[in-house]
file coords-v9.tsv (TSV, C-alpha atoms and all ligand atoms)
chain	number	residue	atom	x	y	z
Z	1	MET	CA	-171.42	-67.58	-48.00
Z	2	SER	CA	-169.52	-65.57	-45.49
Z	3	THR	CA	-169.95	-61.86	-45.10
Z	4	ILE	CA	-166.96	-59.59	-45.62
Z	5	ASP	CA	-165.11	-58.41	-42.53
Z	6	PHE	CA	-163.85	-54.95	-43.47
Z	7	ASP	CA	-161.29	-54.80	-40.65
Z	8	LEU	CA	-159.77	-57.91	-42.17
Z	9	VAL	CA	-159.86	-56.33	-45.62
Z	10	GLU	CA	-157.81	-53.40	-44.29
Z	11	LEU	CA	-155.31	-55.77	-42.66
Z	12	PHE	CA	-154.92	-57.84	-45.84
Z	13	LEU	CA	-154.70	-54.70	-47.96
Z	14	GLU	CA	-151.56	-53.66	-46.04
Z	15	GLU	CA	-150.16	-57.20	-46.37
Z	16	LEU	CA	-150.83	-57.38	-50.12
Z	17	LYS	CA	-149.17	-53.99	-50.59
Z	18	LEU	CA	-146.05	-55.44	-48.95
Z	19	CYS	CA	-146.41	-58.33	-51.42
Z	20	LYS	CA	-146.40	-55.76	-54.26
Z	21	VAL	CA	-149.79	-56.83	-55.62
Z	22	ARG	CA	-150.66	-54.40	-58.40
Z	23	ALA	CA	-153.20	-53.69	-61.08
Z	24	GLY	CA	-153.42	-56.33	-63.78
Z	25	GLU	CA	-152.02	-59.18	-61.67
Z	26	THR	CA	-153.92	-62.38	-60.96
Z	27	VAL	CA	-154.15	-63.51	-57.34
Z	28	ALA	CA	-155.59	-66.95	-56.50
Z	29	VAL	CA	-156.78	-67.84	-53.02
Z	30	LEU	CA	-156.77	-71.55	-52.15
Z	31	THR	CA	-159.20	-73.01	-49.64
Z	32	ALA	CA	-160.52	-76.44	-48.71
Z	33	GLY	CA	-164.11	-76.98	-47.59
Z	34	ASP	CA	-165.46	-74.03	-45.64
Z	35	GLU	CA	-162.25	-73.41	-43.73
Z	36	TRP	CA	-160.96	-69.84	-43.78
Z	37	ALA	CA	-163.86	-68.72	-46.00
Z	38	HIS	CA	-163.91	-65.33	-44.26
Z	39	TYR	CA	-160.17	-64.88	-44.94
Z	40	ALA	CA	-160.68	-65.81	-48.59
Z	41	GLN	CA	-163.46	-63.24	-49.04
Z	42	ALA	CA	-161.45	-60.49	-47.36
Z	43	LEU	CA	-158.29	-61.35	-49.33
Z	44	MET	CA	-160.14	-61.20	-52.64
Z	45	LYS	CA	-161.68	-57.87	-51.66
Z	46	ALA	CA	-158.23	-56.51	-50.76
Z	47	ALA	CA	-156.64	-57.83	-53.99
Z	48	SER	CA	-159.37	-56.30	-56.13
Z	49	ARG	CA	-158.97	-52.95	-54.32
Z	50	LEU	CA	-155.38	-53.02	-55.63
Z	51	GLY	CA	-156.66	-53.64	-59.15
Z	52	ALA	CA	-155.77	-57.33	-59.34
Z	53	ARG	CA	-157.94	-60.07	-60.81
Z	54	THR	CA	-158.69	-62.61	-58.14
Z	55	PHE	CA	-160.50	-65.89	-57.60
Z	56	ASN	CA	-160.97	-68.52	-54.94
Z	57	ALA	CA	-159.99	-72.11	-55.84
Z	58	ASN	CA	-161.86	-74.30	-53.43
Z	59	VAL	CA	-161.60	-78.08	-53.15
Z	60	GLN	CA	-163.12	-80.60	-50.82
Z	61	ARG	CA	-161.44	-81.01	-47.53
Z	62	ASN	CA	-159.70	-84.35	-47.29
Z	63	GLN	CA	-160.95	-85.83	-44.05
Z	64	ASP	CA	-158.27	-88.49	-44.11
Z	65	LEU	CA	-155.37	-86.06	-43.83
Z	66	ARG	CA	-153.97	-86.28	-40.35
Z	67	ALA	CA	-152.62	-83.44	-38.30
Z	68	ALA	CA	-148.83	-83.19	-38.13
Z	69	VAL	CA	-148.41	-84.83	-41.53
Z	70	GLN	CA	-146.51	-82.68	-43.99
Z	71	GLY	CA	-146.51	-82.43	-47.77
Z	72	ARG	CA	-149.89	-84.10	-48.28
Z	73	HIS	CA	-152.74	-81.80	-49.19
Z	74	PRO	CA	-156.11	-81.81	-50.97
Z	75	PHE	CA	-154.76	-80.03	-54.09
Z	76	SER	CA	-152.30	-82.79	-54.96
Z	77	ASP	CA	-154.77	-84.61	-57.21
Z	78	GLN	CA	-155.91	-81.58	-59.22
Z	79	PRO	CA	-153.57	-81.34	-62.24
Z	80	LEU	CA	-155.80	-79.01	-64.26
Z	81	LEU	CA	-156.11	-76.61	-61.35
Z	82	LEU	CA	-152.37	-76.71	-60.66
Z	83	GLU	CA	-151.65	-75.78	-64.29
Z	84	THR	CA	-153.90	-72.75	-63.85
Z	85	LEU	CA	-152.27	-71.76	-60.58
Z	86	LYS	CA	-148.83	-71.83	-62.21
Z	87	GLN	CA	-149.99	-69.03	-64.48
Z	88	CYS	CA	-151.04	-66.76	-61.61
Z	89	ASP	CA	-148.82	-63.99	-60.26
Z	90	MET	CA	-149.58	-64.84	-56.67
Z	91	VAL	CA	-151.20	-67.72	-54.80
Z	92	ILE	CA	-152.45	-67.31	-51.26
Z	93	ASP	CA	-152.43	-70.66	-49.52
Z	94	LEU	CA	-155.06	-71.18	-46.84
Z	95	VAL	CA	-154.70	-74.97	-47.09
Z	96	GLY	CA	-151.08	-75.90	-46.39
Z	97	LEU	CA	-149.03	-76.88	-49.43
Z	98	LEU	CA	-145.68	-76.70	-47.65
Z	99	PHE	CA	-143.23	-79.52	-48.41
Z	100	SER	CA	-145.20	-80.58	-51.51
Z	101	ARG	CA	-143.95	-81.03	-55.06
Z	102	GLU	CA	-146.90	-78.97	-56.27
Z	103	GLN	CA	-145.77	-75.94	-54.28
Z	104	LEU	CA	-142.25	-76.23	-55.67
Z	105	ASP	CA	-143.63	-76.42	-59.23
Z	106	MET	CA	-145.54	-73.18	-58.71
Z	107	GLN	CA	-142.46	-71.46	-57.29
Z	108	LYS	CA	-140.39	-72.61	-60.26
Z	109	ALA	CA	-143.02	-71.05	-62.51
Z	110	GLY	CA	-142.39	-67.73	-60.74
Z	111	VAL	CA	-145.55	-67.61	-58.63
Z	112	ARG	CA	-145.31	-65.69	-55.36
Z	113	ILE	CA	-146.87	-67.83	-52.64
Z	114	LEU	CA	-148.12	-66.62	-49.28
Z	115	ARG	CA	-149.32	-69.01	-46.64
Z	116	ILE	CA	-151.73	-67.75	-43.99
Z	117	MET	CA	-152.93	-70.11	-41.27
Z	118	GLU	CA	-152.91	-68.06	-38.11
Z	119	PRO	CA	-155.78	-66.40	-36.24
Z	120	VAL	CA	-156.28	-62.69	-36.76
Z	121	ASN	CA	-154.88	-61.63	-33.38
Z	122	VAL	CA	-151.56	-63.27	-34.32
Z	123	LEU	CA	-151.63	-61.65	-37.79
Z	124	ARG	CA	-152.02	-58.26	-36.14
Z	125	ALA	CA	-149.50	-58.74	-33.33
Z	126	MET	CA	-146.77	-60.08	-35.61
Z	127	PHE	CA	-147.58	-57.95	-38.65
Z	128	PRO	CA	-144.42	-57.83	-40.82
Z	129	THR	CA	-142.27	-54.76	-41.23
Z	130	ARG	CA	-139.53	-53.85	-43.69
Z	131	GLU	CA	-137.17	-53.53	-40.71
Z	132	LEU	CA	-137.82	-57.17	-39.79
Z	133	ALA	CA	-137.32	-58.19	-43.43
Z	134	GLN	CA	-133.94	-56.41	-43.50
Z	135	ARG	CA	-132.70	-58.18	-40.37
Z	136	VAL	CA	-133.95	-61.55	-41.65
Z	137	GLU	CA	-132.26	-60.97	-45.02
Z	138	ARG	CA	-129.03	-60.05	-43.23
Z	139	GLY	CA	-129.27	-63.39	-41.44
Z	140	ARG	CA	-129.81	-65.08	-44.77
Z	141	SER	CA	-126.68	-63.58	-46.31
Z	142	LEU	CA	-124.56	-64.52	-43.27
Z	143	LEU	CA	-125.91	-68.06	-43.41
Z	144	MET	CA	-125.26	-68.29	-47.15
Z	145	GLY	CA	-121.59	-67.55	-46.59
Z	146	ALA	CA	-121.17	-69.92	-43.64
Z	147	ARG	CA	-119.64	-73.39	-43.79
Z	148	HIS	CA	-119.98	-74.45	-40.17
Z	149	MET	CA	-122.67	-73.94	-37.54
Z	150	HIS	CA	-122.13	-74.83	-33.89
Z	151	ILE	CA	-124.98	-74.83	-31.38
Z	152	THR	CA	-124.46	-75.22	-27.65
Z	153	SER	CA	-126.38	-74.69	-24.43
Z	154	ARG	CA	-125.59	-74.58	-20.73
Z	155	HIS	CA	-127.58	-77.79	-20.43
Z	156	GLY	CA	-125.50	-79.97	-22.71
Z	157	THR	CA	-126.58	-79.28	-26.27
Z	158	ASP	CA	-123.49	-79.47	-28.46
Z	159	ILE	CA	-124.08	-80.06	-32.15
Z	160	HIS	CA	-122.22	-79.30	-35.36
Z	161	TYR	CA	-123.68	-78.67	-38.84
Z	162	GLU	CA	-121.55	-78.55	-41.99
Z	163	LEU	CA	-123.13	-76.13	-44.46
Z	164	GLY	CA	-123.00	-75.09	-48.10
Z	165	GLN	CA	-124.79	-77.81	-50.04
Z	166	TYR	CA	-128.30	-76.41	-49.67
Z	167	PRO	CA	-129.84	-72.99	-50.21
Z	168	VAL	CA	-130.82	-70.66	-47.38
Z	169	MET	CA	-134.41	-69.56	-46.89
Z	170	SER	CA	-135.76	-66.52	-45.17
Z	171	GLU	CA	-139.24	-65.93	-43.85
Z	172	TYR	CA	-140.19	-62.38	-42.99
Z	173	GLY	CA	-143.94	-62.45	-43.52
Z	174	TYR	CA	-144.56	-61.30	-47.10
Z	175	THR	CA	-143.72	-62.45	-50.61
Z	176	ASP	CA	-142.49	-59.69	-52.88
Z	177	GLU	CA	-140.35	-61.46	-55.50
Z	178	PRO	CA	-141.23	-63.97	-58.26
Z	179	GLY	CA	-141.08	-67.54	-56.92
Z	180	ARG	CA	-140.78	-66.46	-53.31
Z	181	TRP	CA	-142.69	-68.39	-50.67
Z	182	ASP	CA	-143.41	-66.90	-47.28
Z	183	ASN	CA	-145.64	-67.29	-44.28
Z	184	PHE	CA	-147.70	-64.39	-42.91
Z	185	PRO	CA	-146.57	-63.83	-40.20
Z	186	SER	CA	-143.06	-65.18	-39.55
Z	187	GLY	CA	-139.49	-63.94	-38.95
Z	188	PHE	CA	-136.64	-66.43	-39.14
Z	189	VAL	CA	-133.93	-67.79	-41.37
Z	190	PHE	CA	-132.83	-71.37	-41.99
Z	191	THR	CA	-130.89	-73.82	-44.08
Z	192	GLN	CA	-130.10	-77.51	-44.05
Z	193	ALA	CA	-126.82	-79.29	-43.30
Z	194	ASN	CA	-124.86	-81.03	-46.04
Z	195	ASP	CA	-126.09	-84.60	-46.48
Z	196	GLY	CA	-125.10	-86.63	-43.43
Z	197	ALA	CA	-123.06	-83.78	-41.93
Z	198	VAL	CA	-124.74	-83.20	-38.56
Z	199	ASN	CA	-123.20	-84.65	-35.42
Z	200	GLY	CA	-123.62	-84.12	-31.71
Z	201	ARG	CA	-126.44	-84.02	-29.24
Z	202	VAL	CA	-129.43	-81.84	-28.51
Z	203	VAL	CA	-130.75	-81.58	-24.96
Z	204	LEU	CA	-134.43	-80.62	-25.06
Z	205	ARG	CA	-135.70	-79.03	-21.87
Z	206	HIS	CA	-138.89	-77.73	-20.31
Z	207	GLY	CA	-140.15	-74.74	-22.24
Z	208	ASP	CA	-138.78	-75.92	-25.58
Z	209	ILE	CA	-141.65	-76.53	-27.98
Z	210	LEU	CA	-142.96	-79.50	-29.93
Z	211	ALA	CA	-144.76	-77.44	-32.56
Z	212	ALA	CA	-146.47	-80.47	-34.14
Z	213	PHE	CA	-148.30	-81.09	-30.87
Z	214	LYS	CA	-148.64	-77.45	-29.87
Z	215	ARG	CA	-147.00	-78.43	-26.63
Z	216	TYR	CA	-144.25	-77.13	-24.37
Z	217	LEU	CA	-141.84	-79.84	-23.27
Z	218	GLN	CA	-142.11	-80.61	-19.57
Z	219	SER	CA	-139.24	-83.07	-19.25
Z	220	GLU	CA	-135.71	-83.50	-20.55
Z	221	VAL	CA	-135.07	-85.42	-23.78
Z	222	VAL	CA	-131.59	-86.07	-25.14
Z	223	LEU	CA	-131.28	-86.65	-28.89
Z	224	THR	CA	-128.07	-88.19	-30.16
Z	225	ILE	CA	-127.34	-87.23	-33.77
Z	226	GLU	CA	-124.89	-89.19	-35.91
Z	227	ASN	CA	-124.20	-88.42	-39.57
Z	228	GLY	CA	-127.42	-86.49	-40.00
Z	229	TYR	CA	-129.77	-88.91	-38.25
Z	230	VAL	CA	-131.21	-89.24	-34.77
Z	231	THR	CA	-129.80	-92.50	-33.44
Z	232	LYS	CA	-130.95	-92.31	-29.84
Z	233	ILE	CA	-133.87	-90.67	-28.01
Z	234	GLU	CA	-133.36	-90.72	-24.26
Z	235	GLY	CA	-135.52	-89.36	-21.46
Z	236	GLN	CA	-137.59	-90.59	-18.56
Z	237	GLY	CA	-140.60	-88.31	-18.99
Z	238	MET	CA	-143.58	-88.33	-21.27
Z	239	ASP	CA	-141.93	-86.10	-23.88
Z	240	ALA	CA	-139.39	-88.74	-24.88
Z	241	ASP	CA	-142.28	-91.20	-25.25
Z	242	LEU	CA	-144.24	-88.73	-27.36
Z	243	ILE	CA	-141.34	-88.08	-29.72
Z	244	ARG	CA	-140.42	-91.76	-30.04
Z	245	THR	CA	-143.99	-92.91	-30.62
Z	246	TYR	CA	-144.73	-90.18	-33.14
Z	247	MET	CA	-141.58	-90.83	-35.16
Z	248	ASP	CA	-141.99	-94.62	-35.03
Z	249	SER	CA	-145.57	-94.36	-36.31
Z	250	PHE	CA	-144.39	-93.41	-39.81
Z	251	HIS	CA	-142.41	-96.64	-40.29
Z	252	ASP	CA	-139.97	-94.53	-42.26
Z	253	PRO	CA	-136.23	-94.40	-41.48
Z	254	ARG	CA	-136.09	-90.99	-43.18
Z	255	ALA	CA	-138.28	-89.61	-40.39
Z	256	TYR	CA	-135.14	-89.59	-38.21
Z	257	ALA	CA	-133.20	-87.26	-40.51
Z	258	VAL	CA	-132.19	-83.86	-39.17
Z	259	SER	CA	-134.08	-81.21	-41.16
Z	260	HIS	CA	-133.80	-77.42	-41.38
Z	261	ILE	CA	-131.85	-75.34	-38.85
Z	262	GLY	CA	-131.86	-71.63	-38.12
Z	263	TRP	CA	-132.87	-68.93	-35.65
Z	264	GLY	CA	-135.80	-66.62	-34.88
Z	265	LEU	CA	-135.66	-62.84	-35.30
Z	266	ASN	CA	-139.17	-61.52	-34.76
Z	267	ASP	CA	-139.21	-59.44	-31.58
Z	268	ALA	CA	-143.01	-59.17	-31.84
Z	269	ALA	CA	-143.41	-62.95	-31.59
Z	270	ARG	CA	-143.88	-64.36	-28.12
Z	271	TRP	CA	-142.60	-67.61	-26.69
Z	272	TYR	CA	-145.37	-67.46	-24.11
Z	273	GLN	CA	-148.17	-66.79	-26.59
Z	274	PHE	CA	-147.82	-70.20	-28.15
Z	275	GLU	CA	-151.18	-71.60	-27.25
Z	276	SER	CA	-152.69	-75.00	-27.28
Z	277	THR	CA	-155.77	-75.39	-29.42
Z	278	ARG	CA	-158.06	-78.16	-30.47
Z	279	ASN	CA	-158.70	-76.43	-33.78
Z	280	LEU	CA	-156.06	-78.10	-35.93
Z	281	HIS	CA	-156.67	-75.70	-38.79
Z	282	ASN	CA	-155.74	-72.73	-36.67
Z	283	GLU	CA	-152.04	-73.38	-36.50
Z	284	HIS	CA	-150.91	-71.10	-33.69
Z	285	VAL	CA	-147.28	-71.98	-34.38
Z	286	MET	CA	-145.75	-68.85	-35.88
Z	287	ASN	CA	-145.12	-67.24	-32.50
Z	288	ALA	CA	-143.28	-70.40	-31.53
Z	289	LEU	CA	-141.17	-70.64	-34.70
Z	290	SER	CA	-140.35	-66.94	-34.99
Z	291	PHE	CA	-139.68	-65.68	-31.48
Z	292	TYR	CA	-136.55	-63.63	-31.14
Z	293	GLY	CA	-133.46	-65.64	-30.18
Z	294	ASN	CA	-134.91	-69.14	-30.51
Z	295	VAL	CA	-132.83	-71.75	-32.28
Z	296	LEU	CA	-135.24	-73.61	-34.56
Z	297	PHE	CA	-134.12	-77.22	-34.66
Z	298	SER	CA	-136.12	-79.68	-36.73
Z	299	LEU	CA	-136.39	-83.26	-37.89
Z	300	GLY	CA	-137.82	-84.80	-41.04
Z	301	PRO	CA	-138.14	-83.69	-44.68
Z	302	ASN	CA	-135.82	-81.46	-46.69
Z	303	VAL	CA	-137.67	-81.10	-50.00
Z	304	GLU	CA	-138.40	-77.47	-49.13
Z	305	LEU	CA	-134.67	-76.80	-49.53
Z	306	GLY	CA	-134.23	-78.95	-52.61
Z	307	GLY	CA	-133.39	-82.27	-50.95
Z	308	ASP	CA	-135.04	-85.60	-51.70
Z	309	ASN	CA	-136.36	-86.56	-48.26
Z	310	ASP	CA	-140.13	-86.14	-48.47
Z	311	THR	CA	-141.03	-88.04	-45.31
Z	312	ALA	CA	-144.38	-86.99	-43.88
Z	313	CYS	CA	-142.92	-86.90	-40.36
Z	314	HIS	CA	-141.88	-83.40	-39.39
Z	315	LEU	CA	-140.97	-81.98	-36.00
Z	316	ASP	CA	-140.19	-78.30	-35.55
Z	317	ILE	CA	-138.61	-77.81	-32.13
Z	318	PRO	CA	-137.85	-74.18	-31.18
Z	319	LEU	CA	-135.16	-74.23	-28.48
Z	320	ARG	CA	-134.70	-71.60	-25.80
Z	321	GLY	CA	-131.45	-70.50	-24.23
Z	322	CYS	CA	-129.09	-71.81	-26.92
Z	323	SER	CA	-125.97	-70.23	-28.38
Z	324	LEU	CA	-125.26	-70.38	-32.10
Z	325	THR	CA	-122.12	-69.48	-34.04
Z	326	LEU	CA	-121.38	-69.42	-37.78
Z	327	ASP	CA	-117.72	-70.10	-38.58
Z	328	GLY	CA	-116.93	-68.92	-35.06
Z	329	VAL	CA	-118.95	-65.69	-35.31
Z	330	GLU	CA	-121.51	-65.32	-32.51
Z	331	ILE	CA	-125.10	-64.96	-33.72
Z	332	VAL	CA	-127.17	-66.04	-30.69
Z	333	ARG	CA	-125.88	-66.22	-27.11
Z	334	ASP	CA	-127.94	-67.94	-24.42
Z	335	GLY	CA	-131.16	-67.31	-26.34
Z	336	ASP	CA	-130.45	-63.66	-27.18
Z	337	VAL	CA	-129.47	-62.35	-30.61
Z	338	VAL	CA	-126.06	-60.71	-30.20
Z	339	HIS	CA	-124.96	-60.11	-33.78
Z	340	PRO	CA	-125.20	-56.32	-34.21
Z	341	ASP	CA	-126.84	-56.52	-37.65
Z	342	MET	CA	-129.76	-58.56	-36.34
Z	343	ARG	CA	-130.04	-57.40	-32.77
Z	344	VAL	CA	-133.03	-55.38	-31.55
Z	345	GLU	CA	-132.13	-53.17	-28.60
Z	346	ARG	CA	-135.65	-52.38	-27.58
Z	347	ALA	CA	-138.07	-55.22	-27.05
Z	348	VAL	CA	-141.37	-53.65	-27.99
Z	349	ASN	CA	-144.27	-54.80	-30.10
Z	350	PRO	CA	-144.85	-52.88	-33.32
Z	351	PRO	CA	-148.05	-50.80	-33.13
Z	352	ALA	CA	-151.13	-52.85	-33.85
Z	353	LEU	CA	-152.98	-51.94	-37.02
Z	354	SER	CA	-156.32	-50.37	-36.31
Y	1	FE2	FE	-140.29	-77.06	-40.22
call {"tool": "encode", "arguments": {"input": "coords-v9.tsv", "output": "structure tokens", "more": "lines below"}}
Ligand code: FE2
result
Amino acid sequence: MSTIDFDLVELFLEELKLCKVRAGETVAVLTAGDEWAHYAQALMKAASRLGARTFNANVQRNQDLRAAVQGRHPFSDQPLLLETLKQCDMVIDLVGLLFSREQLDMQKAGVRILRIMEPVNVLRAMFPTRELAQRVERGRSLLMGARHMHITSRHGTDIHYELGQYPVMSEYGYTDEPGRWDNFPSGFVFTQANDGAVNGRVVLRHGDILAAFKRYLQSEVVLTIENGYVTKIEGQGMDADLIRTYMDSFHDPRAYAVSHIGWGLNDAARWYQFESTRNLHNEHVMNALSFYGNVLFSLGPNVELGGDNDTACHLDIPLRGCSLTLDGVEIVRDGDVVHPDMRVERAVNPPALS
């Protein structure tokens, strides 16, 4: 039994207020094994301070689940529990249900879902603000109206996405509407191209990030994309080998599909704070996915956006130094957000919570 960390309780109290947790609601906290037990205790304390009923649903950790495999989780074989969770107002996910059918079922039932899988220093440094949420939501509305995205870089990236078939998702770090899923912390917006409608090439360079491996690329990799699929992976260095070997290991042609696409807007996230860790349950990826001005390119599943590709192979690859336009309107230029509605003039961290 873990003891309660009252600094954490205060931090989660502020987060749950942003999530509009109120008296009479039911908030479930999901854990597996003894992972994140101290978060679970602090979250339940914070929820009960707001007058909510709260409980911790704990299952055994599945030792067979591999890192960097998406949509498979230890709650998938718990139908009775999932029925209960669908009746909650909010579920806090300390396990990782993303890209699973079970998560989608809960969202359809109107449950607010918040995923937390970052260490406390990252939670504090990237703590969400309403100002961030407004800029992210502005990005979402622009993306919803767009039909064509073009991404280029000075190093040869040149890729076109046709848009409109799939919804647009925003992540700003809290979940304040029925059925909304979010990640605490975060700060980006994304959608998915129409089926088969991505063509061009992406030149990955040193400093771009392979989030699945918690690794900065060191060498150039050129991905050729035809009709929504990667058809060629070229590069002399180890990174091309890593990507090829990882994707091949799934023996699944759908692994090569282009997945979500968008850009980062959190000026408190740091490209350089992405850190390698051997603790696979401490994700340390939200800095990488959210940093201001990154173009978040990805490969693999699209069930999160309502598609039918549920491949377990997923690569998030935040790109630096790219330019992105929507129907010819400049959003990001050379890795800097230039659209006035989303731009932050001063690059300062928000004050840390005490
Ligand atoms: Fe992703």
call {"tool": "atom_distance", "arguments": {"input": "coords-v9.tsv", "atom1": "atom CA of Thr31 of chain Z", "atom2": "atom CA of Pro185 of chain Z"}}
result
18.2 Å
call {"tool": "closest_residue", "arguments": {"input": "coords-v9.tsv", "among": "Z:Val189, Z:Val198, Z:Leu324, Z:Leu289", "to": "Leu163 of chain Z", "atoms": "only C-alpha atoms"}}
result
Z:Val198
call {"tool": "residues_around", "arguments": {"input": "coords-v9.tsv", "residues": "Ile159 of chain Z", "least_positions_apart": "6", "cutoff": "12 Å", "atoms": "all atoms listed in the file", "output": "list in words"}}
result
His148, Met149, His150, Ile151, Thr152, Ser153, Ala193, Ala197, Val198, Asn199, Gly200, Arg201, Val202, Val203, Val222, Leu223, Thr224, Ile225, Glu226, Asn227, Gly228, Val230, Val258, Ile261, Phe297, Cys322, Ser323, Leu324 and Thr325 of chain Z
call {"tool": "closest_atom_pairs", "arguments": {"input": "coords-v9.tsv", "of": "chain Z", "to": "ligand FE2 1 (chain Y)", "cutoff": "10 Å", "atoms": "all atoms listed in the file", "output": "JSON lines"}}
result
{"residue": "Z:Gln70", "atom": "CA", "partner": "Y:FE2_1", "partner_atom": "FE", "distance": 9.2}
{"residue": "Z:Leu98", "atom": "CA", "partner": "Y:FE2_1", "partner_atom": "FE", "distance": 9.2}
{"residue": "Z:Phe99", "atom": "CA", "partner": "Y:FE2_1", "partner_atom": "FE", "distance": 9.0}
{"residue": "Z:Phe190", "atom": "CA", "partner": "Y:FE2_1", "partner_atom": "FE", "distance": 9.5}
{"residue": "Z:Ala211", "atom": "CA", "partner": "Y:FE2_1", "partner_atom": "FE", "distance": 8.9}
{"residue": "Z:Ala212", "atom": "CA", "partner": "Y:FE2_1", "partner_atom": "FE", "distance": 9.3}
{"residue": "Z:Ser259", "atom": "CA", "partner": "Y:FE2_1", "partner_atom": "FE", "distance": 7.5}
{"residue": "Z:His260", "atom": "CA", "partner": "Y:FE2_1", "partner_atom": "FE", "distance": 6.6}
{"residue": "Z:Ile261", "atom": "CA", "partner": "Y:FE2_1", "partner_atom": "FE", "distance": 8.7}
{"residue": "Z:Leu289", "atom": "CA", "partner": "Y:FE2_1", "partner_atom": "FE", "distance": 8.5}
{"residue": "Z:Leu296", "atom": "CA", "partner": "Y:FE2_1", "partner_atom": "FE", "distance": 8.3}
{"residue": "Z:Phe297", "atom": "CA", "partner": "Y:FE2_1", "partner_atom": "FE", "distance": 8.3}
{"residue": "Z:Ser298", "atom": "CA", "partner": "Y:FE2_1", "partner_atom": "FE", "distance": 6.0}
{"residue": "Z:Leu299", "atom": "CA", "partner": "Y:FE2_1", "partner_atom": "FE", "distance": 7.7}
{"residue": "Z:Gly300", "atom": "CA", "partner": "Y:FE2_1", "partner_atom": "FE", "distance": 8.2}
{"residue": "Z:Pro301", "atom": "CA", "partner": "Y:FE2_1", "partner_atom": "FE", "distance": 8.3}
{"residue": "Z:Asn302", "atom": "CA", "partner": "Y:FE2_1", "partner_atom": "FE", "distance": 9.0}
{"residue": "Z:Glu304", "atom": "CA", "partner": "Y:FE2_1", "partner_atom": "FE", "distance": 9.1}
{"residue": "Z:His314", "atom": "CA", "partner": "Y:FE2_1", "partner_atom": "FE", "distance": 6.6}
{"residue": "Z:Leu315", "atom": "CA", "partner": "Y:FE2_1", "partner_atom": "FE", "distance": 6.5}
{"residue": "Z:Asp316", "atom": "CA", "partner": "Y:FE2_1", "partner_atom": "FE", "distance": 4.8}
{"residue": "Z:Ile317", "atom": "CA", "partner": "Y:FE2_1", "partner_atom": "FE", "distance": 8.3}
{"residue": "Z:Pro318", "atom": "CA", "partner": "Y:FE2_1", "partner_atom": "FE", "distance": 9.8}
call {"tool": "atom_distance", "arguments": {"input": "coords-v9.tsv", "atom1": "atom CA of Val9 of chain Z", "atom2": "atom CA of Phe55 of chain Z"}}
result
15.3 Å
call {"tool": "atom_distance", "arguments": {"input": "coords-v9.tsv", "atom1": "atom CA of Leu8 of chain Z", "atom2": "atom CA of Met44 of chain Z"}}
result
11.0 Å
call {"tool": "residues_around", "arguments": {"input": "coords-v9.tsv", "residues": "Arg205 of chain Z", "least_positions_apart": "5", "cutoff": "10 Å", "atoms": "all atoms listed in the file", "output": "ChimeraX atom specification"}}
result
/Z:155,216-222,239,319-321
call {"tool": "closest_atom_pairs", "arguments": {"input": "coords-v9.tsv", "of": "segment 114-200 of chain Z", "to": "segment 86-95 of chain Z", "cutoff": "12 Å", "atoms": "only C-alpha atoms", "output": "CSV"}}
result
residue,atom,partner,partner_atom,distance
Z:Leu114,CA,Z:Ile92,CA,4.8
Z:Arg115,CA,Z:Asp93,CA,4.5
Z:Ile116,CA,Z:Leu94,CA,5.6
Z:Met117,CA,Z:Leu94,CA,6.1
Z:Glu118,CA,Z:Leu94,CA,9.5
Z:Pro119,CA,Z:Leu94,CA,11.7
Z:Tyr174,CA,Z:Ile92,CA,10.8
Z:Thr175,CA,Z:Met90,CA,8.8
Z:Asp176,CA,Z:Met90,CA,9.5
Z:Glu177,CA,Z:Met90,CA,9.9
Z:Pro178,CA,Z:Asp89,CA,7.8
Z:Gly179,CA,Z:Met90,CA,8.9
Z:Arg180,CA,Z:Met90,CA,9.6
Z:Trp181,CA,Z:Val91,CA,9.5
Z:Asp182,CA,Z:Ile92,CA,9.9
Z:Asn183,CA,Z:Asp93,CA,9.2
Z:Phe184,CA,Z:Ile92,CA,10.0
call {"tool": "write_last_selection", "arguments": {"input": "coords-v9.tsv", "atoms": "C-alpha atoms", "output": "mmCIF file, keeping the file's coordinate frame"}}
result
data_model
loop_
_atom_site.group_PDB
_atom_site.id
_atom_site.type_symbol
_atom_site.label_atom_id
_atom_site.label_comp_id
_atom_site.auth_asym_id
_atom_site.auth_seq_id
_atom_site.Cartn_x
_atom_site.Cartn_y
_atom_site.Cartn_z
ATOM 1 C CA LEU Z 114 -148.120 -66.620 -49.280
ATOM 2 C CA ARG Z 115 -149.320 -69.010 -46.640
ATOM 3 C CA ILE Z 116 -151.730 -67.750 -43.990
ATOM 4 C CA MET Z 117 -152.930 -70.110 -41.270
ATOM 5 C CA GLU Z 118 -152.910 -68.060 -38.110
ATOM 6 C CA PRO Z 119 -155.780 -66.400 -36.240
ATOM 7 C CA TYR Z 174 -144.560 -61.300 -47.100
ATOM 8 C CA THR Z 175 -143.720 -62.450 -50.610
ATOM 9 C CA ASP Z 176 -142.490 -59.690 -52.880
ATOM 10 C CA GLU Z 177 -140.350 -61.460 -55.500
ATOM 11 C CA PRO Z 178 -141.230 -63.970 -58.260
ATOM 12 C CA GLY Z 179 -141.080 -67.540 -56.920
ATOM 13 C CA ARG Z 180 -140.780 -66.460 -53.310
ATOM 14 C CA TRP Z 181 -142.690 -68.390 -50.670
ATOM 15 C CA ASP Z 182 -143.410 -66.900 -47.280
ATOM 16 C CA ASN Z 183 -145.640 -67.290 -44.280
ATOM 17 C CA PHE Z 184 -147.700 -64.390 -42.910
#
call {"tool": "closest_residue", "arguments": {"input": "coords-v9.tsv", "among": "Z:Ala288, Z:Leu43, Z:Leu50, Z:Met106", "to": "Ala23 of chain Z", "atoms": "all atoms listed in the file"}}
result
Z:Leu50
